[in-house]
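J.: Sharing data-v3.tsv here; it has TSV, C-alpha atoms.
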chain	number	residue	atom	x	y	z
A	1	MET	CA	11.59	24.52	89.31
A	2	ASN	CA	14.92	24.79	87.57
A	3	GLU	CA	15.31	23.43	84.06
A	4	TYR	CA	19.05	22.98	83.71
A	5	ARG	CA	20.24	21.14	80.63
A	6	TRP	CA	23.41	19.05	80.56
A	7	GLU	CA	25.26	21.86	78.81
A	8	ASP	CA	24.33	24.29	81.58
A	9	LEU	CA	25.95	22.19	84.30
A	10	SER	CA	29.52	22.10	85.54
A	11	PRO	CA	31.44	20.61	88.47
A	12	GLY	CA	31.02	22.71	91.61
A	13	MET	CA	27.68	24.14	90.54
A	14	ALA	CA	25.48	24.39	93.63
A	15	ALA	CA	21.86	24.80	94.64
A	16	GLY	CA	19.78	24.49	97.76
A	17	PHE	CA	16.80	25.56	99.81
A	18	GLN	CA	15.54	25.82	103.38
A	19	THR	CA	12.52	24.09	104.83
A	20	THR	CA	10.94	23.39	108.19
A	21	ILE	CA	9.95	19.89	109.28
A	22	THR	CA	6.50	19.93	110.90
A	23	GLY	CA	4.75	17.45	113.13
A	24	GLN	CA	2.15	17.05	110.41
A	25	MET	CA	4.90	15.91	108.02
A	26	LEU	CA	5.89	13.19	110.51
A	27	ASP	CA	2.26	12.08	110.79
A	28	THR	CA	1.82	12.03	107.02
A	29	PHE	CA	5.07	10.16	106.40
A	30	GLY	CA	4.16	7.64	109.10
A	31	ALA	CA	0.82	7.02	107.40
A	32	LEU	CA	2.39	6.79	103.94
A	33	SER	CA	5.23	4.46	104.92
A	34	GLY	CA	3.48	2.56	107.70
A	35	ASP	CA	6.46	3.25	109.96
A	36	MET	CA	4.67	4.14	113.20
A	37	ASN	CA	7.62	3.26	115.42
A	38	PRO	CA	7.21	5.17	118.71
A	39	LEU	CA	10.58	6.79	118.18
A	40	HIS	CA	8.75	8.88	115.54
A	41	THR	CA	5.28	9.08	117.10
A	42	ASP	CA	5.70	9.16	120.89
A	43	GLU	CA	7.71	12.03	122.28
A	44	SER	CA	8.00	10.56	125.79
A	45	PHE	CA	9.22	7.24	124.37
A	46	ALA	CA	11.81	9.04	122.25
A	47	ARG	CA	12.98	11.03	125.29
A	48	SER	CA	13.27	7.79	127.26
A	49	ARG	CA	15.71	6.63	124.60
A	50	GLY	CA	17.88	9.70	124.97
A	51	PHE	CA	16.53	11.89	122.17
A	52	GLU	CA	15.25	15.45	122.51
A	53	GLY	CA	11.82	14.55	121.15
A	54	ALA	CA	10.12	12.52	118.45
A	55	VAL	CA	12.76	11.80	115.82
A	56	VAL	CA	12.03	12.60	112.19
A	57	HIS	CA	12.11	9.46	110.03
A	58	GLY	CA	15.47	9.25	108.28
A	59	LEU	CA	13.76	8.65	104.98
A	60	LEU	CA	11.55	11.71	105.48
A	61	VAL	CA	14.71	13.77	105.84
A	62	SER	CA	16.11	11.98	102.79
A	63	ALA	CA	13.01	12.89	100.78
A	64	LEU	CA	14.48	16.38	100.75
A	65	TYR	CA	17.21	15.05	98.46
A	66	SER	CA	14.47	14.12	96.02
A	67	ARG	CA	13.31	17.74	96.10
A	68	LEU	CA	16.90	18.95	95.75
A	69	VAL	CA	17.53	17.11	92.49
A	70	GLY	CA	13.97	17.06	91.13
A	71	MET	CA	13.34	20.77	91.64
A	72	HIS	CA	16.71	22.50	91.93
A	73	LEU	CA	19.75	20.65	90.55
A	74	PRO	CA	19.24	19.76	87.75
A	75	GLY	CA	15.46	20.14	88.12
A	76	ARG	CA	12.93	19.21	85.47
A	77	ASP	CA	15.02	16.72	83.47
A	78	CYS	CA	16.27	14.74	86.50
A	79	ILE	CA	16.04	10.94	86.60
A	80	LEU	CA	17.18	9.56	89.94
A	81	HIS	CA	19.70	6.71	89.64
A	82	GLU	CA	21.10	6.23	93.13
A	83	ILE	CA	21.31	7.81	96.57
A	84	ARG	CA	23.75	6.81	99.29
A	85	VAL	CA	22.77	8.45	102.54
A	86	VAL	CA	24.42	8.77	105.93
A	87	PHE	CA	22.29	9.85	108.90
A	88	ALA	CA	24.69	11.86	111.01
A	89	SER	CA	22.38	13.38	113.65
A	90	PRO	CA	18.66	13.17	114.47
A	91	ALA	CA	16.23	15.80	113.25
A	92	TYR	CA	13.14	16.86	115.19
A	93	ALA	CA	9.77	18.37	114.36
A	94	GLY	CA	10.16	22.12	114.13
A	95	ASP	CA	13.70	21.96	112.85
A	96	GLU	CA	14.56	24.40	110.11
A	97	LEU	CA	16.83	22.53	107.75
A	98	THR	CA	19.15	23.78	105.05
A	99	VAL	CA	19.46	21.44	102.09
A	100	ALA	CA	22.39	22.00	99.76
A	101	GLY	CA	23.94	20.15	96.87
A	102	ALA	CA	26.87	20.62	94.54
A	103	VAL	CA	27.90	18.81	91.37
A	104	SER	CA	30.87	16.57	92.20
A	105	HIS	CA	31.24	14.65	88.94
A	106	MET	CA	29.88	14.62	85.39
A	107	ASN	CA	29.96	11.37	83.43
A	108	HIS	CA	29.71	12.90	79.97
A	109	ALA	CA	29.57	9.58	78.12
A	110	TYR	CA	26.28	8.56	79.73
A	111	ARG	CA	25.20	11.97	81.05
A	112	GLN	CA	25.16	10.94	84.66
A	113	LEU	CA	25.50	13.70	87.23
A	114	GLU	CA	26.86	13.11	90.73
A	115	ILE	CA	25.82	15.54	93.44
A	116	LYS	CA	27.11	15.72	97.01
A	117	GLY	CA	24.20	16.66	99.24
A	118	ARG	CA	24.17	17.99	102.79
A	119	ILE	CA	21.29	18.65	105.17
A	120	LYS	CA	22.05	20.81	108.21
A	121	ARG	CA	20.27	22.39	111.15
A	122	GLY	CA	22.37	25.48	111.66
A	123	SER	CA	25.91	24.14	111.81
A	124	VAL	CA	24.81	20.61	112.80
A	125	LEU	CA	25.11	18.03	110.04
A	126	ILE	CA	21.91	15.98	109.92
A	127	SER	CA	22.62	14.00	106.78
A	128	ARG	CA	25.00	13.71	103.89
A	129	ALA	CA	24.42	11.93	100.63
A	130	THR	CA	25.95	11.08	97.31
A	131	ILE	CA	23.27	11.31	94.65
A	132	ARG	CA	23.54	10.17	91.05
A	133	VAL	CA	21.02	11.25	88.47
A	134	GLY	CA	20.55	10.94	84.75
A	135	MET	CA	19.00	13.51	82.46
A	136	SER	CA	15.86	12.92	80.41
A	137	GLY	CA	16.44	15.79	78.04
B	138	MET	CA	56.20	5.14	85.80
B	139	PRO	CA	53.23	3.74	83.88
B	140	LEU	CA	50.81	1.40	85.63
B	141	ALA	CA	50.78	-2.28	84.72
B	142	PRO	CA	47.46	-3.82	83.60
B	143	GLU	CA	47.48	-5.95	86.74
B	144	ALA	CA	47.70	-2.83	88.92
B	145	VAL	CA	44.71	-1.31	87.12
B	146	LEU	CA	42.78	-4.55	87.61
B	147	GLU	CA	43.47	-4.43	91.35
B	148	ARG	CA	42.16	-0.85	91.52
B	149	ILE	CA	38.96	-1.55	89.61
B	150	ARG	CA	38.07	-4.74	91.49
B	151	PRO	CA	36.74	-2.86	94.57
B	152	ILE	CA	34.66	-0.71	92.22
B	153	PHE	CA	32.99	-3.77	90.70
B	154	ARG	CA	32.39	-5.23	94.17
B	155	ASP	CA	30.80	-2.01	95.37
B	156	VAL	CA	28.67	-1.19	92.32
B	157	LEU	CA	27.46	-4.77	91.77
B	158	ASP	CA	27.09	-5.42	95.52
B	159	LEU	CA	29.19	-8.59	95.23
B	160	PRO	CA	31.61	-8.35	98.19
B	161	SER	CA	33.78	-11.32	97.24
B	162	PHE	CA	33.74	-10.86	93.46
B	163	ASP	CA	37.07	-10.70	91.64
B	164	VAL	CA	36.40	-9.32	88.19
B	165	MET	CA	38.61	-10.82	85.48
B	166	PRO	CA	39.87	-9.31	82.21
B	167	SER	CA	37.69	-11.71	80.23
B	168	ASP	CA	34.48	-10.64	82.01
B	169	ASN	CA	31.79	-8.53	80.40
B	170	ALA	CA	28.16	-7.60	81.08
B	171	SER	CA	26.90	-10.96	79.85
B	172	THR	CA	29.09	-12.97	82.24
B	173	VAL	CA	28.63	-11.02	85.49
B	174	GLU	CA	25.53	-11.05	87.69
B	175	GLY	CA	23.90	-7.65	88.05
B	176	TRP	CA	25.96	-5.86	85.39
B	177	ASP	CA	22.98	-4.11	83.84
B	178	SER	CA	22.81	-0.77	82.06
B	179	LEU	CA	22.55	1.33	85.22
B	180	ALA	CA	25.37	-0.61	86.88
B	181	HIS	CA	27.43	0.03	83.75
B	182	ILE	CA	26.88	3.79	84.03
B	183	ASN	CA	27.90	3.69	87.71
B	184	LEU	CA	30.98	1.60	86.91
B	185	VAL	CA	32.08	4.19	84.37
B	186	THR	CA	31.49	7.07	86.81
B	187	ASN	CA	33.46	5.31	89.56
B	188	ILE	CA	36.33	4.41	87.24
B	189	GLU	CA	36.52	8.00	85.97
B	190	GLN	CA	36.74	9.22	89.56
B	191	GLU	CA	39.27	6.58	90.60
B	192	PHE	CA	41.71	7.43	87.83
B	193	GLY	CA	40.83	11.08	87.16
B	194	ILE	CA	40.02	10.40	83.52
B	195	ARG	CA	37.06	10.95	81.21
B	196	PHE	CA	35.61	8.54	78.67
B	197	ALA	CA	33.78	9.32	75.46
B	198	LEU	CA	30.70	7.32	74.58
B	199	GLY	CA	32.27	6.03	71.35
B	200	GLU	CA	35.27	4.64	73.21
B	201	LEU	CA	33.08	2.74	75.65
B	202	ALA	CA	30.82	1.33	72.96
B	203	GLU	CA	33.78	-0.47	71.36
B	204	LEU	CA	34.83	-2.33	74.51
B	205	LYS	CA	34.26	-6.09	74.53
B	206	ASN	CA	35.41	-6.95	78.04
B	207	VAL	CA	37.14	-5.69	81.18
B	208	GLY	CA	40.56	-6.32	79.67
B	209	GLU	CA	39.81	-3.83	76.89
B	210	MET	CA	38.56	-1.37	79.52
B	211	ILE	CA	41.90	-1.73	81.30
B	212	ASP	CA	43.72	-1.05	78.03
B	213	LEU	CA	41.60	2.07	77.51
B	214	ILE	CA	42.31	3.25	81.07
B	215	LEU	CA	46.06	2.82	80.47
B	216	LYS	CA	45.78	4.72	77.20
B	217	LYS	CA	43.93	7.57	78.92
B	218	LEU	CA	46.49	7.70	81.72
B	219	ALA	CA	49.34	7.81	79.21
B	220	GLN	CA	47.69	10.73	77.41
B	221	ARG	CA	47.38	12.82	80.55
B	222	PRO	CA	49.68	15.83	80.70
How does this structure look as structure tokens?

T.:
Amino acid sequence: MNEYRWEDLSPGMAAGFQTTITGQMLDTFGALSGDMNPLHTDESFARSRGFEGAVVHGLLVSALYSRLVGMHLPGRDCILHEIRVVFASPAYAGDELTVAGAVSHMNHAYRQLEIKGRIKRGSVLISRATIRVGMSG
Amino acid sequence: MPLAPEAVLERIRPIFRDVLDLPSFDVMPSDNASTVEGWDSLAHINLVTNIEQEFGIRFALGELAELKNVGEMIDLILKKLAQRP
């Protein structure tokens, strides 16, 4: 986990990671959220709706933004204020996703950091987000 | 040519609508956090961030603490814009 302080940060500073979405993650998220919609749990149903397989819950994909700011940028001292997310393309179990973020604005008066986040599978944009966080330290 | 206060008001109105989630709200110069629904501390931080981005300016905490209403914020924005190289 990174431990960036306000003074360490600057516009354009970037961080990221790669992760693979597993079927078990879909099952666990479905149980946690109660969203057992067949689009996420029934591969044949999802295919009947034109998708390649069971679609990863959008908010499961978005949970990776929580990891991005809570563990990487800024890390330990992060306090999440706001996330605005766009779901650009579906993600599927087995997808290897690249999660990246870069500082787009620093509100020095109130120490609020804005980060532009992107989640991609290869060159395919899965999600983009504007994330605003405060700093506890 | 310097902006008029009315022009600044027109540019910050969409920011207030967006941050406060009040689609038909027209913020007025006399408004402040005590007169506007949903203008809490977190909304205030987001308003400042959005206004900084809209005008390409930066505020200091001391400047913001002295503001009594939106009209004074507009005056501060105009002052910041005039100071820009």

J.: What are the residues of chain A lining chain B at 12 Å or less? Count all atoms listed in the file, and put the answer as a list in words.

T.: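 Every residue meeting the condition is included here: Ile79, Leu80, His81, Glu82, Ile83, Arg84, Ser104, His105, Met106, Asn107, His108, Ala109, Tyr110, Arg111, Gln112, Leu113, Glu114, Ile131, Arg132, Val133 and Gly134 of chain A.
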
J.: Quick check, in Å to one decimal: how far apart do atom CA of Val207 of chain B and atom CA of Leu146 of chain B lie?

T.: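 Going from atom CA of Val207 of chain B over to atom CA of Leu146 of chain B covers 8.6 Å.
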
J.: Name the residues in contact with Asp95 of chain A at a cut-off of 12 Å, using only C-alpha atoms, excluding same-chain residues fewer than 6 positions from it; report them as a list in words.

T.: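 Counting only the stated atoms, we get Gln18, Thr19, Thr20, Ile21, Thr22, Gly23, Met25, Leu26, Glu52, Gly53, Ala54, Val55, Val56, Val61, Ile119, Lys120, Arg121, Gly122, Val124 and Ile126 of chain A.
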
J.: Residues within 8 Å of segment 156-166 of chain B, please, as a PyMOL selection string. Count only C-alpha atoms; anything in the same chain fewer than 4 positions from it doesn't count.

T.: chain B and resi 146+150+152+174-176+180+183-184+206-209+211

J.: Just the number, please: distance in Å from atom CA of Arg47 of chain A to atom CA of Arg118 of chain A, one decimal.

T.: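 Distance between the two atoms: 26.1 Å.
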
J.: Please measure the separation of atom CA of Arg148 of chain B and atom CA of Ala219 of chain B, giving the value in Å to one decimal.

T.: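 Those two atoms sit 16.7 Å apart.
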